[in-house]
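Note: the block below is my_file.cif and it holds mmCIF, N, CA and C atoms.
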```cif
data_input
#
loop_
_atom_site.label_atom_id
_atom_site.label_comp_id
_atom_site.auth_asym_id
_atom_site.auth_seq_id
_atom_site.Cartn_x
_atom_site.Cartn_y
_atom_site.Cartn_z
N MET A 1 -63.85 -38.62 6.22
CA MET A 1 -62.48 -38.31 5.92
C MET A 1 -61.86 -37.60 7.12
N ALA A 2 -60.65 -38.01 7.48
CA ALA A 2 -59.97 -37.44 8.64
C ALA A 2 -59.51 -36.01 8.34
N LYS A 3 -59.58 -35.18 9.34
CA LYS A 3 -59.16 -33.79 9.20
C LYS A 3 -57.64 -33.73 9.21
N ALA A 4 -57.06 -32.96 8.31
CA ALA A 4 -55.59 -32.84 8.22
C ALA A 4 -55.06 -32.12 9.45
N GLN A 5 -54.01 -32.66 9.98
CA GLN A 5 -53.35 -32.06 11.14
C GLN A 5 -52.19 -31.21 10.65
N ALA A 6 -52.12 -29.99 11.11
CA ALA A 6 -51.04 -29.10 10.71
C ALA A 6 -49.84 -29.29 11.63
N HIS A 7 -48.70 -29.26 11.04
CA HIS A 7 -47.45 -29.31 11.80
C HIS A 7 -46.62 -28.11 11.38
N PHE A 8 -45.98 -27.52 12.33
CA PHE A 8 -45.13 -26.37 12.06
C PHE A 8 -43.73 -26.75 12.49
N HIS A 9 -42.76 -26.59 11.60
CA HIS A 9 -41.38 -26.87 11.95
C HIS A 9 -40.55 -25.61 11.76
N LEU A 10 -39.84 -25.26 12.78
CA LEU A 10 -39.00 -24.08 12.79
C LEU A 10 -37.59 -24.48 12.37
N ARG A 11 -36.97 -23.69 11.54
CA ARG A 11 -35.57 -23.88 11.19
C ARG A 11 -34.88 -22.55 11.41
N VAL A 12 -33.84 -22.54 12.22
CA VAL A 12 -33.08 -21.34 12.51
C VAL A 12 -31.83 -21.36 11.65
N VAL A 13 -31.69 -20.32 10.83
CA VAL A 13 -30.53 -20.19 9.94
C VAL A 13 -29.76 -18.96 10.38
N LYS A 14 -28.47 -19.15 10.61
CA LYS A 14 -27.63 -18.02 11.01
C LYS A 14 -26.39 -18.02 10.12
N GLY A 15 -26.16 -16.89 9.47
CA GLY A 15 -25.01 -16.79 8.59
C GLY A 15 -25.08 -17.74 7.41
N GLY A 16 -26.30 -18.03 6.95
CA GLY A 16 -26.48 -18.94 5.83
C GLY A 16 -26.35 -20.41 6.19
N ILE A 17 -26.14 -20.72 7.44
CA ILE A 17 -25.97 -22.09 7.91
C ILE A 17 -27.19 -22.50 8.71
N ARG A 18 -27.71 -23.71 8.44
CA ARG A 18 -28.82 -24.24 9.22
C ARG A 18 -28.30 -24.59 10.62
N ALA A 19 -28.64 -23.76 11.58
CA ALA A 19 -28.12 -23.94 12.93
C ALA A 19 -28.96 -24.90 13.76
N ILE A 20 -30.27 -24.72 13.71
CA ILE A 20 -31.18 -25.53 14.53
C ILE A 20 -32.42 -25.82 13.71
N GLY A 21 -32.84 -27.08 13.74
CA GLY A 21 -34.04 -27.45 13.00
C GLY A 21 -34.70 -28.66 13.63
N PRO A 22 -35.73 -29.16 13.00
CA PRO A 22 -36.51 -30.25 13.58
C PRO A 22 -35.70 -31.54 13.80
N GLY A 23 -34.75 -31.82 12.93
CA GLY A 23 -33.96 -33.04 13.09
C GLY A 23 -33.06 -33.00 14.32
N LYS A 24 -32.41 -31.88 14.53
CA LYS A 24 -31.52 -31.74 15.70
C LYS A 24 -32.33 -31.76 16.99
N ILE A 25 -33.48 -31.12 16.97
CA ILE A 25 -34.32 -31.12 18.17
C ILE A 25 -34.84 -32.52 18.45
N ALA A 26 -35.28 -33.24 17.42
CA ALA A 26 -35.74 -34.62 17.60
C ALA A 26 -34.62 -35.49 18.17
N LEU A 27 -33.40 -35.26 17.71
CA LEU A 27 -32.26 -36.02 18.23
C LEU A 27 -32.05 -35.71 19.71
N LEU A 28 -32.09 -34.45 20.08
CA LEU A 28 -31.93 -34.10 21.50
C LEU A 28 -33.03 -34.72 22.35
N GLU A 29 -34.25 -34.71 21.86
CA GLU A 29 -35.35 -35.33 22.60
C GLU A 29 -35.14 -36.83 22.74
N ALA A 30 -34.63 -37.46 21.69
CA ALA A 30 -34.36 -38.90 21.76
C ALA A 30 -33.23 -39.20 22.73
N ILE A 31 -32.21 -38.35 22.78
CA ILE A 31 -31.13 -38.52 23.76
C ILE A 31 -31.69 -38.37 25.17
N ARG A 32 -32.53 -37.38 25.35
CA ARG A 32 -33.17 -37.18 26.65
C ARG A 32 -33.98 -38.41 27.06
N ASP A 33 -34.69 -38.99 26.11
CA ASP A 33 -35.58 -40.11 26.41
C ASP A 33 -34.84 -41.44 26.57
N THR A 34 -33.72 -41.60 25.86
CA THR A 34 -33.01 -42.89 25.89
C THR A 34 -31.78 -42.89 26.77
N GLY A 35 -31.21 -41.71 27.03
CA GLY A 35 -30.00 -41.64 27.84
C GLY A 35 -28.74 -42.03 27.10
N SER A 36 -28.79 -42.00 25.77
CA SER A 36 -27.65 -42.46 24.98
C SER A 36 -27.73 -41.90 23.56
N ILE A 37 -26.60 -41.47 23.03
CA ILE A 37 -26.57 -41.01 21.65
C ILE A 37 -26.81 -42.18 20.71
N SER A 38 -26.20 -43.33 20.99
CA SER A 38 -26.37 -44.48 20.10
C SER A 38 -27.81 -44.99 20.11
N ALA A 39 -28.44 -45.03 21.28
CA ALA A 39 -29.84 -45.46 21.36
C ALA A 39 -30.76 -44.44 20.67
N ALA A 40 -30.43 -43.16 20.82
CA ALA A 40 -31.21 -42.12 20.16
C ALA A 40 -31.10 -42.26 18.65
N ALA A 41 -29.89 -42.54 18.17
CA ALA A 41 -29.68 -42.72 16.73
C ALA A 41 -30.50 -43.90 16.22
N ARG A 42 -30.47 -45.00 16.95
CA ARG A 42 -31.26 -46.17 16.54
C ARG A 42 -32.75 -45.83 16.51
N LYS A 43 -33.21 -45.14 17.52
CA LYS A 43 -34.63 -44.76 17.60
C LYS A 43 -35.05 -43.92 16.40
N LEU A 44 -34.15 -43.07 15.94
CA LEU A 44 -34.46 -42.19 14.82
C LEU A 44 -34.01 -42.76 13.47
N ARG A 45 -33.51 -43.99 13.51
CA ARG A 45 -33.04 -44.68 12.29
C ARG A 45 -31.96 -43.88 11.56
N MET A 46 -30.98 -43.40 12.33
CA MET A 46 -29.83 -42.72 11.72
C MET A 46 -28.56 -43.37 12.25
N SER A 47 -27.50 -43.17 11.56
CA SER A 47 -26.23 -43.75 12.00
C SER A 47 -25.74 -43.03 13.25
N TYR A 48 -24.95 -43.75 14.04
CA TYR A 48 -24.34 -43.13 15.22
C TYR A 48 -23.49 -41.95 14.78
N ARG A 49 -22.74 -42.12 13.70
CA ARG A 49 -21.87 -41.04 13.22
C ARG A 49 -22.68 -39.79 12.89
N ARG A 50 -23.81 -39.96 12.20
CA ARG A 50 -24.66 -38.81 11.86
C ARG A 50 -25.17 -38.13 13.13
N ALA A 51 -25.59 -38.93 14.09
CA ALA A 51 -26.09 -38.36 15.36
C ALA A 51 -24.97 -37.58 16.06
N TRP A 52 -23.77 -38.16 16.09
CA TRP A 52 -22.66 -37.49 16.76
C TRP A 52 -22.29 -36.19 16.04
N VAL A 53 -22.32 -36.19 14.70
CA VAL A 53 -22.02 -34.98 13.93
C VAL A 53 -23.04 -33.88 14.25
N LEU A 54 -24.30 -34.23 14.36
CA LEU A 54 -25.34 -33.24 14.69
C LEU A 54 -25.15 -32.68 16.09
N VAL A 55 -24.85 -33.55 17.05
CA VAL A 55 -24.61 -33.09 18.43
C VAL A 55 -23.37 -32.20 18.47
N ASP A 56 -22.32 -32.62 17.79
CA ASP A 56 -21.08 -31.85 17.77
C ASP A 56 -21.32 -30.47 17.14
N ASP A 57 -22.12 -30.43 16.07
CA ASP A 57 -22.44 -29.16 15.43
C ASP A 57 -23.16 -28.23 16.41
N LEU A 58 -24.13 -28.76 17.13
CA LEU A 58 -24.84 -27.94 18.12
C LEU A 58 -23.89 -27.46 19.21
N ASN A 59 -23.03 -28.37 19.67
CA ASN A 59 -22.09 -27.99 20.73
C ASN A 59 -21.18 -26.85 20.29
N HIS A 60 -20.83 -26.80 19.01
CA HIS A 60 -19.97 -25.73 18.52
C HIS A 60 -20.73 -24.44 18.23
N ARG A 61 -22.01 -24.53 17.98
CA ARG A 61 -22.80 -23.34 17.66
C ARG A 61 -23.35 -22.61 18.88
N LEU A 62 -23.46 -23.33 19.98
CA LEU A 62 -24.04 -22.73 21.20
C LEU A 62 -22.93 -22.37 22.18
N SER A 63 -23.27 -21.49 23.11
CA SER A 63 -22.28 -21.04 24.08
C SER A 63 -21.87 -22.14 25.05
N LYS A 64 -22.74 -23.12 25.25
CA LYS A 64 -22.45 -24.25 26.15
C LYS A 64 -22.91 -25.53 25.48
N ALA A 65 -22.33 -26.64 25.87
CA ALA A 65 -22.66 -27.95 25.29
C ALA A 65 -24.12 -28.31 25.56
N VAL A 66 -24.72 -29.06 24.61
CA VAL A 66 -26.12 -29.47 24.75
C VAL A 66 -26.26 -30.84 25.41
N VAL A 67 -25.19 -31.60 25.47
CA VAL A 67 -25.23 -32.91 26.12
C VAL A 67 -24.08 -33.01 27.12
N GLN A 68 -24.23 -33.94 28.04
CA GLN A 68 -23.16 -34.20 29.00
C GLN A 68 -23.12 -35.69 29.27
N ALA A 69 -21.91 -36.16 29.49
CA ALA A 69 -21.71 -37.58 29.77
C ALA A 69 -22.20 -37.90 31.17
N VAL A 70 -22.76 -39.09 31.31
CA VAL A 70 -23.18 -39.60 32.61
C VAL A 70 -22.19 -40.69 32.98
N PRO A 71 -21.47 -40.52 34.09
CA PRO A 71 -20.49 -41.54 34.47
C PRO A 71 -21.16 -42.90 34.65
N GLY A 72 -20.45 -43.92 34.25
CA GLY A 72 -21.03 -45.26 34.32
C GLY A 72 -20.31 -46.15 35.31
N GLY A 73 -20.99 -47.13 35.72
CA GLY A 73 -20.43 -48.17 36.56
C GLY A 73 -20.28 -49.42 35.74
N ARG A 74 -20.74 -50.51 36.26
CA ARG A 74 -20.64 -51.78 35.54
C ARG A 74 -21.41 -51.78 34.23
N SER A 75 -22.55 -51.13 34.23
CA SER A 75 -23.39 -51.13 33.03
C SER A 75 -22.99 -50.04 32.04
N GLY A 76 -21.96 -49.28 32.35
CA GLY A 76 -21.53 -48.22 31.45
C GLY A 76 -22.24 -46.92 31.72
N GLY A 77 -21.77 -45.89 31.06
CA GLY A 77 -22.35 -44.57 31.26
C GLY A 77 -23.43 -44.29 30.24
N GLY A 78 -23.60 -43.05 29.98
CA GLY A 78 -24.61 -42.65 29.02
C GLY A 78 -24.46 -41.18 28.71
N THR A 79 -25.48 -40.64 28.15
CA THR A 79 -25.49 -39.23 27.77
C THR A 79 -26.84 -38.66 28.17
N THR A 80 -26.80 -37.45 28.67
CA THR A 80 -28.03 -36.76 29.03
C THR A 80 -27.95 -35.34 28.49
N LEU A 81 -29.07 -34.67 28.43
CA LEU A 81 -29.05 -33.28 28.01
C LEU A 81 -28.50 -32.42 29.14
N SER A 82 -27.71 -31.46 28.76
CA SER A 82 -27.24 -30.47 29.72
C SER A 82 -28.38 -29.48 29.97
N PRO A 83 -28.21 -28.60 30.94
CA PRO A 83 -29.24 -27.55 31.12
C PRO A 83 -29.45 -26.74 29.83
N THR A 84 -28.38 -26.49 29.09
CA THR A 84 -28.50 -25.77 27.81
C THR A 84 -29.31 -26.58 26.81
N GLY A 85 -29.09 -27.89 26.76
CA GLY A 85 -29.85 -28.76 25.87
C GLY A 85 -31.33 -28.76 26.20
N HIS A 86 -31.64 -28.87 27.49
CA HIS A 86 -33.05 -28.83 27.92
C HIS A 86 -33.68 -27.49 27.55
N LYS A 87 -32.95 -26.41 27.76
CA LYS A 87 -33.48 -25.08 27.46
C LYS A 87 -33.71 -24.91 25.96
N LEU A 88 -32.76 -25.40 25.15
CA LEU A 88 -32.89 -25.31 23.70
C LEU A 88 -34.14 -26.03 23.21
N VAL A 89 -34.37 -27.25 23.68
CA VAL A 89 -35.54 -28.02 23.28
C VAL A 89 -36.82 -27.30 23.72
N ALA A 90 -36.85 -26.84 24.96
CA ALA A 90 -38.05 -26.16 25.48
C ALA A 90 -38.36 -24.89 24.68
N LEU A 91 -37.34 -24.08 24.40
CA LEU A 91 -37.56 -22.84 23.65
C LEU A 91 -38.03 -23.13 22.23
N TYR A 92 -37.42 -24.10 21.59
CA TYR A 92 -37.79 -24.47 20.22
C TYR A 92 -39.24 -24.92 20.17
N ARG A 93 -39.63 -25.83 21.06
CA ARG A 93 -41.01 -26.33 21.07
C ARG A 93 -42.01 -25.23 21.42
N GLU A 94 -41.63 -24.31 22.31
CA GLU A 94 -42.52 -23.20 22.67
C GLU A 94 -42.74 -22.28 21.47
N ILE A 95 -41.69 -21.98 20.74
CA ILE A 95 -41.82 -21.14 19.54
C ILE A 95 -42.72 -21.83 18.53
N GLU A 96 -42.54 -23.14 18.33
CA GLU A 96 -43.41 -23.87 17.41
C GLU A 96 -44.87 -23.79 17.84
N ARG A 97 -45.13 -24.03 19.12
CA ARG A 97 -46.52 -23.99 19.63
C ARG A 97 -47.14 -22.61 19.41
N ARG A 98 -46.40 -21.58 19.77
CA ARG A 98 -46.94 -20.22 19.63
C ARG A 98 -47.16 -19.85 18.16
N ALA A 99 -46.22 -20.21 17.31
CA ALA A 99 -46.35 -19.89 15.89
C ALA A 99 -47.57 -20.58 15.29
N LEU A 100 -47.76 -21.85 15.61
CA LEU A 100 -48.92 -22.58 15.06
C LEU A 100 -50.22 -22.00 15.61
N ARG A 101 -50.24 -21.68 16.89
CA ARG A 101 -51.45 -21.12 17.50
C ARG A 101 -51.82 -19.77 16.86
N HIS A 102 -50.82 -18.94 16.59
CA HIS A 102 -51.09 -17.60 16.06
C HIS A 102 -51.26 -17.58 14.55
N THR A 103 -51.00 -18.68 13.90
CA THR A 103 -51.17 -18.73 12.45
C THR A 103 -52.18 -19.81 12.04
N SER A 104 -53.01 -20.24 12.98
CA SER A 104 -53.89 -21.37 12.71
C SER A 104 -54.84 -21.12 11.53
N ALA A 105 -55.40 -19.93 11.40
CA ALA A 105 -56.32 -19.67 10.29
C ALA A 105 -55.57 -19.72 8.96
N ALA A 106 -54.41 -19.10 8.90
CA ALA A 106 -53.62 -19.12 7.67
C ALA A 106 -53.13 -20.54 7.37
N THR A 107 -52.80 -21.29 8.40
CA THR A 107 -52.35 -22.67 8.21
C THR A 107 -53.49 -23.51 7.65
N ARG A 108 -54.69 -23.35 8.18
CA ARG A 108 -55.87 -24.08 7.66
C ARG A 108 -56.12 -23.71 6.19
N ALA A 109 -55.98 -22.43 5.86
CA ALA A 109 -56.18 -21.98 4.48
C ALA A 109 -55.12 -22.59 3.57
N LEU A 110 -53.89 -22.62 4.03
CA LEU A 110 -52.82 -23.23 3.24
C LEU A 110 -53.08 -24.72 3.04
N LEU A 111 -53.50 -25.42 4.09
CA LEU A 111 -53.81 -26.84 3.97
C LEU A 111 -54.95 -27.07 3.00
N GLY A 112 -55.89 -26.13 2.96
CA GLY A 112 -57.01 -26.25 2.05
C GLY A 112 -56.59 -26.19 0.59
N LEU A 113 -55.43 -25.62 0.31
CA LEU A 113 -54.91 -25.55 -1.05
C LEU A 113 -54.26 -26.85 -1.49
N LEU A 114 -53.88 -27.67 -0.52
CA LEU A 114 -53.21 -28.92 -0.84
C LEU A 114 -54.21 -29.99 -1.26
N THR A 115 -53.84 -30.79 -2.22
CA THR A 115 -54.74 -31.85 -2.69
C THR A 115 -54.62 -33.10 -1.87
N LYS A 116 -53.49 -33.38 -1.29
CA LYS A 116 -53.29 -34.59 -0.48
C LYS A 116 -52.57 -34.27 0.79
#
```
Can you present the structure in this file as structure tokens?
Amino acid sequence: MAKAQAHFHLRVVKGGIRAIGPGKIALLEAIRDTGSISAAARKLRMSYRRAWVLVDDLNHRLSKAVVQAVPGGRSGGGTTLSPTGHKLVALYREIERRALRHTSAATRALLGLLTK
């Protein structure tokens, strides 16, 4: 039987509003990897509108925008992460790594309580 893999997902709530969570971070990573909000949305199987709403929400919650337009030529432009976007993803993933590392025994115990 395969050993269960633990995953830790951080959700940042400020003022009762979900500000940053695994979905928004996954979207930023997909934008980084694809160079496009629409391609990132397709990769994550979400509508372009939903992806744009999530990006817009982040842009309004942070001091600086998380994405920036890439000027296009014949093939069109695209979207890339801004320095703030890169920093947000890096900080989020680092917090997840540290939290999982420092709670590994408790996480294993919690997983042991689960039946499936």
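Comparing the minimum interatomic distances between A:Val66 and each of A:Gly112, A:Gly21, A:Gly35, A:Pro83, counting only C-alpha atoms, we find that A:Pro83 sits nearest.
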Taking the chain letters and numbering used in this document, name the residues of stretch 8-112 of chain A that DSSP puts in helix (DSSP H, G or I), as a ChimeraX atom specification.
-> /A:22-34,37-43,48-61,83-102,104-112
DSSP on the backbone, strand (DSSP E or B) only: what residues of chain A does that give? Format it as a CSV table (one decimal) with N, CA and C atoms, keeping the file's coordinate frame.
```csv
chain,number,residue,atom,x,y,z
A,12,VAL,N,-33.8,-22.5,12.2
A,12,VAL,CA,-33.1,-21.3,12.5
A,12,VAL,C,-31.8,-21.4,11.6
A,13,VAL,N,-31.7,-20.3,10.8
A,13,VAL,CA,-30.5,-20.2,9.9
A,13,VAL,C,-29.8,-19.0,10.4
A,14,LYS,N,-28.5,-19.2,10.6
A,14,LYS,CA,-27.6,-18.0,11.0
A,14,LYS,C,-26.4,-18.0,10.1
A,17,ILE,N,-26.1,-20.7,7.4
A,17,ILE,CA,-26.0,-22.1,7.9
A,17,ILE,C,-27.2,-22.5,8.7
A,18,ARG,N,-27.7,-23.7,8.4
A,18,ARG,CA,-28.8,-24.2,9.2
A,18,ARG,C,-28.3,-24.6,10.6
A,19,ALA,N,-28.6,-23.8,11.6
A,19,ALA,CA,-28.1,-23.9,12.9
A,19,ALA,C,-29.0,-24.9,13.8
A,20,ILE,N,-30.3,-24.7,13.7
A,20,ILE,CA,-31.2,-25.5,14.5
A,20,ILE,C,-32.4,-25.8,13.7
A,67,VAL,N,-25.2,-31.6,25.5
A,67,VAL,CA,-25.2,-32.9,26.1
A,67,VAL,C,-24.1,-33.0,27.1
A,68,GLN,N,-24.2,-33.9,28.0
A,68,GLN,CA,-23.2,-34.2,29.0
A,68,GLN,C,-23.1,-35.7,29.3
A,69,ALA,N,-21.9,-36.2,29.5
A,69,ALA,CA,-21.7,-37.6,29.8
A,69,ALA,C,-22.2,-37.9,31.2
A,70,VAL,N,-22.8,-39.1,31.3
A,70,VAL,CA,-23.2,-39.6,32.6
A,70,VAL,C,-22.2,-40.7,33.0
A,71,PRO,N,-21.5,-40.5,34.1
A,71,PRO,CA,-20.5,-41.5,34.5
A,71,PRO,C,-21.2,-42.9,34.6
A,72,GLY,N,-20.4,-43.9,34.2
A,72,GLY,CA,-21.0,-45.3,34.3
A,72,GLY,C,-20.3,-46.2,35.3
A,73,GLY,N,-21.0,-47.1,35.7
A,73,GLY,CA,-20.4,-48.2,36.6
A,73,GLY,C,-20.3,-49.4,35.7
A,76,GLY,N,-22.0,-49.3,32.4
A,76,GLY,CA,-21.5,-48.2,31.4
A,76,GLY,C,-22.2,-46.9,31.7
A,77,GLY,N,-21.8,-45.9,31.1
A,77,GLY,CA,-22.4,-44.6,31.3
A,77,GLY,C,-23.4,-44.3,30.2
A,78,GLY,N,-23.6,-43.0,30.0
A,78,GLY,CA,-24.6,-42.6,29.0
A,78,GLY,C,-24.5,-41.2,28.7
A,79,THR,N,-25.5,-40.6,28.2
A,79,THR,CA,-25.5,-39.2,27.8
A,79,THR,C,-26.8,-38.7,28.2
A,80,THR,N,-26.8,-37.4,28.7
A,80,THR,CA,-28.0,-36.8,29.0
A,80,THR,C,-28.0,-35.3,28.5
A,81,LEU,N,-29.1,-34.7,28.4
A,81,LEU,CA,-29.0,-33.3,28.0
A,81,LEU,C,-28.5,-32.4,29.1
```
Can you translate the PyMOL selection byres ((chain A and resi 67) around 8) into the concrete residues it hits in this file, as a PDB file with N, CA and C atoms, keeping the file's coordinate frame?
```pdb
ATOM      1  N   VAL A  55     -24.850 -33.550  17.050  1.00  0.00           N
ATOM      2  CA  VAL A  55     -24.610 -33.090  18.430  1.00  0.00           C
ATOM      3  C   VAL A  55     -23.370 -32.200  18.470  1.00  0.00           C
ATOM      4  N   LEU A  58     -24.130 -28.760  17.130  1.00  0.00           N
ATOM      5  CA  LEU A  58     -24.840 -27.940  18.120  1.00  0.00           C
ATOM      6  C   LEU A  58     -23.890 -27.460  19.210  1.00  0.00           C
ATOM      7  N   ASN A  59     -23.030 -28.370  19.670  1.00  0.00           N
ATOM      8  CA  ASN A  59     -22.090 -27.990  20.730  1.00  0.00           C
ATOM      9  C   ASN A  59     -21.180 -26.850  20.290  1.00  0.00           C
ATOM     10  N   LYS A  64     -22.740 -23.120  25.250  1.00  0.00           N
ATOM     11  CA  LYS A  64     -22.450 -24.250  26.150  1.00  0.00           C
ATOM     12  C   LYS A  64     -22.910 -25.530  25.480  1.00  0.00           C
ATOM     13  N   ALA A  65     -22.330 -26.640  25.870  1.00  0.00           N
ATOM     14  CA  ALA A  65     -22.660 -27.950  25.290  1.00  0.00           C
ATOM     15  C   ALA A  65     -24.120 -28.310  25.560  1.00  0.00           C
ATOM     16  N   VAL A  66     -24.720 -29.060  24.610  1.00  0.00           N
ATOM     17  CA  VAL A  66     -26.120 -29.470  24.750  1.00  0.00           C
ATOM     18  C   VAL A  66     -26.260 -30.840  25.410  1.00  0.00           C
ATOM     19  N   GLN A  68     -24.230 -33.940  28.040  1.00  0.00           N
ATOM     20  CA  GLN A  68     -23.160 -34.200  29.000  1.00  0.00           C
ATOM     21  C   GLN A  68     -23.120 -35.690  29.270  1.00  0.00           C
ATOM     22  N   ALA A  69     -21.910 -36.160  29.490  1.00  0.00           N
ATOM     23  CA  ALA A  69     -21.710 -37.580  29.770  1.00  0.00           C
ATOM     24  C   ALA A  69     -22.200 -37.900  31.170  1.00  0.00           C
ATOM     25  N   VAL A  70     -22.760 -39.090  31.310  1.00  0.00           N
ATOM     26  CA  VAL A  70     -23.180 -39.600  32.610  1.00  0.00           C
ATOM     27  C   VAL A  70     -22.190 -40.690  32.980  1.00  0.00           C
ATOM     28  N   THR A  79     -25.480 -40.640  28.150  1.00  0.00           N
ATOM     29  CA  THR A  79     -25.490 -39.230  27.770  1.00  0.00           C
ATOM     30  C   THR A  79     -26.840 -38.660  28.170  1.00  0.00           C
ATOM     31  N   THR A  80     -26.800 -37.450  28.670  1.00  0.00           N
ATOM     32  CA  THR A  80     -28.030 -36.760  29.030  1.00  0.00           C
ATOM     33  C   THR A  80     -27.950 -35.340  28.490  1.00  0.00           C
ATOM     34  N   LEU A  81     -29.070 -34.670  28.430  1.00  0.00           N
ATOM     35  CA  LEU A  81     -29.050 -33.280  28.010  1.00  0.00           C
ATOM     36  C   LEU A  81     -28.500 -32.420  29.140  1.00  0.00           C
ATOM     37  N   SER A  82     -27.710 -31.460  28.760  1.00  0.00           N
ATOM     38  CA  SER A  82     -27.240 -30.470  29.720  1.00  0.00           C
ATOM     39  C   SER A  82     -28.380 -29.480  29.970  1.00  0.00           C
ATOM     40  N   PRO A  83     -28.210 -28.600  30.940  1.00  0.00           N
ATOM     41  CA  PRO A  83     -29.240 -27.550  31.120  1.00  0.00           C
ATOM     42  C   PRO A  83     -29.450 -26.740  29.830  1.00  0.00           C
ATOM     43  N   THR A  84     -28.380 -26.490  29.090  1.00  0.00           N
ATOM     44  CA  THR A  84     -28.500 -25.770  27.810  1.00  0.00           C
ATOM     45  C   THR A  84     -29.310 -26.580  26.810  1.00  0.00           C
ATOM     46  N   GLY A  85     -29.090 -27.890  26.760  1.00  0.00           N
ATOM     47  CA  GLY A  85     -29.850 -28.760  25.870  1.00  0.00           C
ATOM     48  C   GLY A  85     -31.330 -28.760  26.200  1.00  0.00           C
ATOM     49  N   HIS A  86     -31.640 -28.870  27.490  1.00  0.00           N
ATOM     50  CA  HIS A  86     -33.050 -28.830  27.920  1.00  0.00           C
ATOM     51  C   HIS A  86     -33.680 -27.490  27.550  1.00  0.00           C
TER      52      HIS A  86
END
```
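We find atom N of A:Leu100 and atom N of A:Leu27 to be spaced 19.8 Å apart.
Using only C-alpha atoms, the nearest neighbour of A:Phe8 within the list A:Thr34, A:Ser63, A:Ser47, A:Thr103 is A:Thr103.
For the pair atom N of A:Ala90 and atom N of A:Lys43, the interatomic distance is 20.1 Å.
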Find the residues around A:Asp57 up to 10 Å (only C-alpha atoms counted), leave out those fewer than 4 positions away in its own chain, and share them as number ranges by chain.
-> A: 19-20, 24, 51-53, 61-62, 65
Between A:Ser104, A:Val12, A:Ala30, A:Val89, which is the closest to A:Leu44 once you count only N, CA and C atoms?
-> A:Ala30
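For A:Leu10, the non-local neighbours within 8 Å, defined as residues at least 6 positions apart in the same chain or in other chains and counting only N, CA and C atoms, are Ile20, Gly21, Pro22, Gly23, Tyr92, Ile95 and Glu96 of chain A.
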